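Here the structure comes first, spelled out in structure tokens, and everything after it is commentary.
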Amino acid sequence: MMDGTAGVSGRRVADESALDDPETFAEQDPGGMLRFTASAGAQVRESASLAAEANLALLEDGGRPRAVVIAGIGTAGRTGDVLATVAGPRCPVPVIPHRSAGVPGWVGAADVVIAVSASGRSPEALGAAEAAHRRGARLVAVGAPDSQLQSVAERARAPFIPVPRRAPARASLWALTVPVLLAARTLGLVKVNEADLAETAARLDADADRCRPTAESFVNPAKSLALGLAGSIPIVWGSSPLATVAARRFGDTLSANARYPVVTGALGEAGRGRVGLLDGAFGGLVESARDIFADRDEIEGDPTRLRLVLLRDGGLNAEDDTDEPFAVEERRADAVQTLAERRGVRCDVVTAEGGSALERLASLVAVPDFASVYLALAHGLDPMAVPAITEMKELSNQ
């Protein structure tokens with residue numbers, strides 16, 4: 001019988017001191033997840049160069065598609081969310097992320113399918129690429145070179161953009177996203193120019209420097225965010241569609257790297273129901289019973305509490321009159337911060353910076369990505385090795 005705790009190690013309570021001792025990182029992070037996370041800017045530059053070498057001009061032959069389907073799972077699936085959000089409400093065709101095998105039943109010769117897989121062998125991407133080829137849809141494939149996905153693309157005589165497998169999929173968001181955006185640009189769906197890519201890469205480099213392991217917690221925004229979340233149930237809400245993509249990305253990395261349960265979503269939607277979490281057993285109810293003068297470390301059986309992370313778009317979408325008015329987003333974000341304060345629920349705010357949608361997204365993703373790794377390290381967890389994932393694959397493939 002398989003041991004249900006095989007390979008599970010770490011500590012229940014986060015150790016703050018572990019984050020200011022970089023010499024221990026080599027021990028706790030043997031797979032180099034911090035290093036991979038810091039490579040985000042380099043990923044943008046490398047994948048843009050590789051996409052430029054691919055024969056994306058083939059996509060132009062059929063003109064504007066009826067719809068674009070982005071097929072992939074996990075981080076590869078998030079690339080579809082990024083494309084849909086960066087393209088925005090003015091996009092002339094539907095952009096549809098698809099996270100299961102095959103393609104939707106309506107896909108045909110008038111459509112484009114972008115199949116994405118970091119490994120080049122995920123069943124979802126492979127199934128979508130095969131189905132697109134059978135149905136005569138235009139295909140673009142993004143994934144590891146010399147993979148099964150490349151073979152399918154070659155059989156279909158479709159463009160293939162190789163993404164070298166330098167990091168695990170969840171640390172390869174930018175390597176996978178940039179080729180998808182550039183394929184969409186070829187189709188006339190997004191306006192992403194070389195300056196946008198260069199500024200996004202520079203933003204990611206700058207945030208990697210701010211979040212570097214040698215920067216102590218009091219000046220390192222990622223370590224501060226990680227320590228604030230330690231021992232809590234995180235709720236991550238985005239104030240705009242762009243910020244919501246970043247919120248869901250943070251949920252992905254908190255779950256995979258730090259093994260934390262997390263609630264994510266759009267603040268507008270949360271205001272219709274989930275904002276009630278602030279009143280519940282992990283929010284207002286527990287905070288109302290707390291002695292504000294007590295040292296939390298001395299409280300026996302100190303209960304788990306909510307911690308709110310609010311990602312705000314910064315008003316940079318105000319020129320787009322098809323988006324929700326900026327004033328509405330701002331009032332809603334201010335309101336939820338006030339609600340949290342009244343109930344004693346602590347709130348961290350990350351505000352987007354940058355001129356383009358892509359750079360703004362990068363500014364909302366970079367620090368949380370690092371925070372998820374630091375939170376894992378504070379608990380003595382190896383952010384790279386997730387025994388439950390390995391076990392799940394073994395059990396599923398028996």
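If you're wondering about the labels, chains in the structure tokens are A, B, ... by order shown, residues count from 1 in each chain, ligands from 1 in order shown.
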
Give me the residues near Phe370 of chain A as a VMD selection string, where near means some atom within 7 Å (using only C-alpha atoms) and where sequence neighbours in that chain fewer than 3 positions away do not count.
chain A and resid 37 211 222 366 to 367 373 to 374

Would you pick out the contacts of Ala171 of chain A at 9 Å or less, using only C-alpha atoms, so that residues sharing its chain but fewer than 5 positions from it are not included, and give the list as number ranges by chain?
A: 33, 36-37, 39-40, 75, 253, 369

Test item: residues at most 10 Å from Ala281 of chain A, only C-alpha atoms, excluding those fewer than 5 positions along its chain, as a ChimeraX atom specification
/A:286-287,303-306

Just N, CA and C atoms for this one: save the residues we selected as a PDB file, in the first residue's frame.
ATOM      1  N   VAL A 286     -14.034  35.656  13.688  1.00  0.00           N
ATOM      2  CA  VAL A 286     -12.859  35.354  14.499  1.00  0.00           C
ATOM      3  C   VAL A 286     -12.181  36.635  14.961  1.00  0.00           C
ATOM      4  N   GLU A 287     -12.185  37.667  14.118  1.00  0.00           N
ATOM      5  CA  GLU A 287     -11.518  38.906  14.503  1.00  0.00           C
ATOM      6  C   GLU A 287     -12.272  39.614  15.619  1.00  0.00           C
ATOM      7  N   PRO A 303      -6.638  30.932  15.863  1.00  0.00           N
ATOM      8  CA  PRO A 303      -7.350  30.436  14.686  1.00  0.00           C
ATOM      9  C   PRO A 303      -6.781  30.980  13.371  1.00  0.00           C
ATOM     10  N   THR A 304      -7.012  30.219  12.325  1.00  0.00           N
ATOM     11  CA  THR A 304      -6.638  30.660  10.983  1.00  0.00           C
ATOM     12  C   THR A 304      -7.541  31.816  10.560  1.00  0.00           C
ATOM     13  N   ARG A 305      -6.938  32.790   9.885  1.00  0.00           N
ATOM     14  CA  ARG A 305      -7.688  33.975   9.474  1.00  0.00           C
ATOM     15  C   ARG A 305      -7.567  34.186   7.969  1.00  0.00           C
ATOM     16  N   LEU A 306      -8.508  34.949   7.429  1.00  0.00           N
ATOM     17  CA  LEU A 306      -8.409  35.377   6.045  1.00  0.00           C
ATOM     18  C   LEU A 306      -7.316  36.425   5.903  1.00  0.00           C
TER      19      LEU A 306
END

I'd like to know which of A:Ser255, A:Asn220, A:Thr214, A:Ser117 is closest to Thr24 of chain A, using only C-alpha atoms.
A:Thr214

All residues 9 Å or closer to Gly32 of chain A, only C-alpha atoms, same chain fewer than 5 positions away omitted, as a list in words:
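The residues satisfying every condition are Phe25, Ala26, Thr37, Ala167, Pro383 and Met384 of chain A.
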
Deliver the residues from the most recent selection as a file, using N, CA, C and O atoms, as an mmCIF file, in the first residue's frame.
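Output (part-v8.cif):
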data_model
loop_
_atom_site.group_PDB
_atom_site.id
_atom_site.type_symbol
_atom_site.label_atom_id
_atom_site.label_comp_id
_atom_site.auth_asym_id
_atom_site.auth_seq_id
_atom_site.Cartn_x
_atom_site.Cartn_y
_atom_site.Cartn_z
ATOM 1 N N PHE A 25 18.906 28.793 1.000
ATOM 2 C CA PHE A 25 18.039 28.629 -0.161
ATOM 3 C C PHE A 25 18.483 27.482 -1.059
ATOM 4 O O PHE A 25 17.657 26.798 -1.660
ATOM 5 N N ALA A 26 19.784 27.288 -1.164
ATOM 6 C CA ALA A 26 20.276 26.188 -2.005
ATOM 7 C C ALA A 26 19.774 24.854 -1.476
ATOM 8 O O ALA A 26 19.467 23.941 -2.241
ATOM 9 N N THR A 37 12.053 31.722 -11.569
ATOM 10 C CA THR A 37 11.115 32.837 -11.442
ATOM 11 C C THR A 37 11.787 34.148 -11.849
ATOM 12 O O THR A 37 11.162 35.011 -12.476
ATOM 13 N N ALA A 167 12.582 25.490 -17.549
ATOM 14 C CA ALA A 167 11.949 25.613 -16.236
ATOM 15 C C ALA A 167 10.666 24.798 -16.233
ATOM 16 O O ALA A 167 10.130 24.461 -17.288
ATOM 17 N N PRO A 383 9.668 24.147 -3.375
ATOM 18 C CA PRO A 383 8.600 24.597 -4.279
ATOM 19 C C PRO A 383 8.565 23.836 -5.595
ATOM 20 O O PRO A 383 7.550 23.846 -6.290
ATOM 21 N N MET A 384 9.653 23.182 -5.937
ATOM 22 C CA MET A 384 9.708 22.457 -7.203
ATOM 23 C C MET A 384 9.047 21.086 -7.103
ATOM 24 O O MET A 384 8.327 20.659 -8.002
#

Residue nearest Gly276 of chain A among A:Leu339, A:Glu60, A:Val386, A:Val13 (counting only C-alpha atoms):
A:Leu339

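Minimum atom-to-atom distance to Asp207 of chain A, evaluated using only C-alpha atoms, belongs to A:Leu364 out of A:Val44, A:Ala258, A:Leu364, A:Ala109.
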
I need the residues in segment 15-89 of chain A that are alpha helix (DSSP H) according to DSSP; give them as a PyMOL selection string.
chain A and resi 25-28+33-37+40-53+75-87

Using only C-alpha atoms, which of the listed residues (A:Ala141, A:Val69, A:Ala385, A:Leu58) sits closest to Val107 of chain A?
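Checking each of A:Ala141, A:Val69, A:Ala385, A:Leu58 against Val107 of chain A, counting only C-alpha atoms, the winner is A:Val69.
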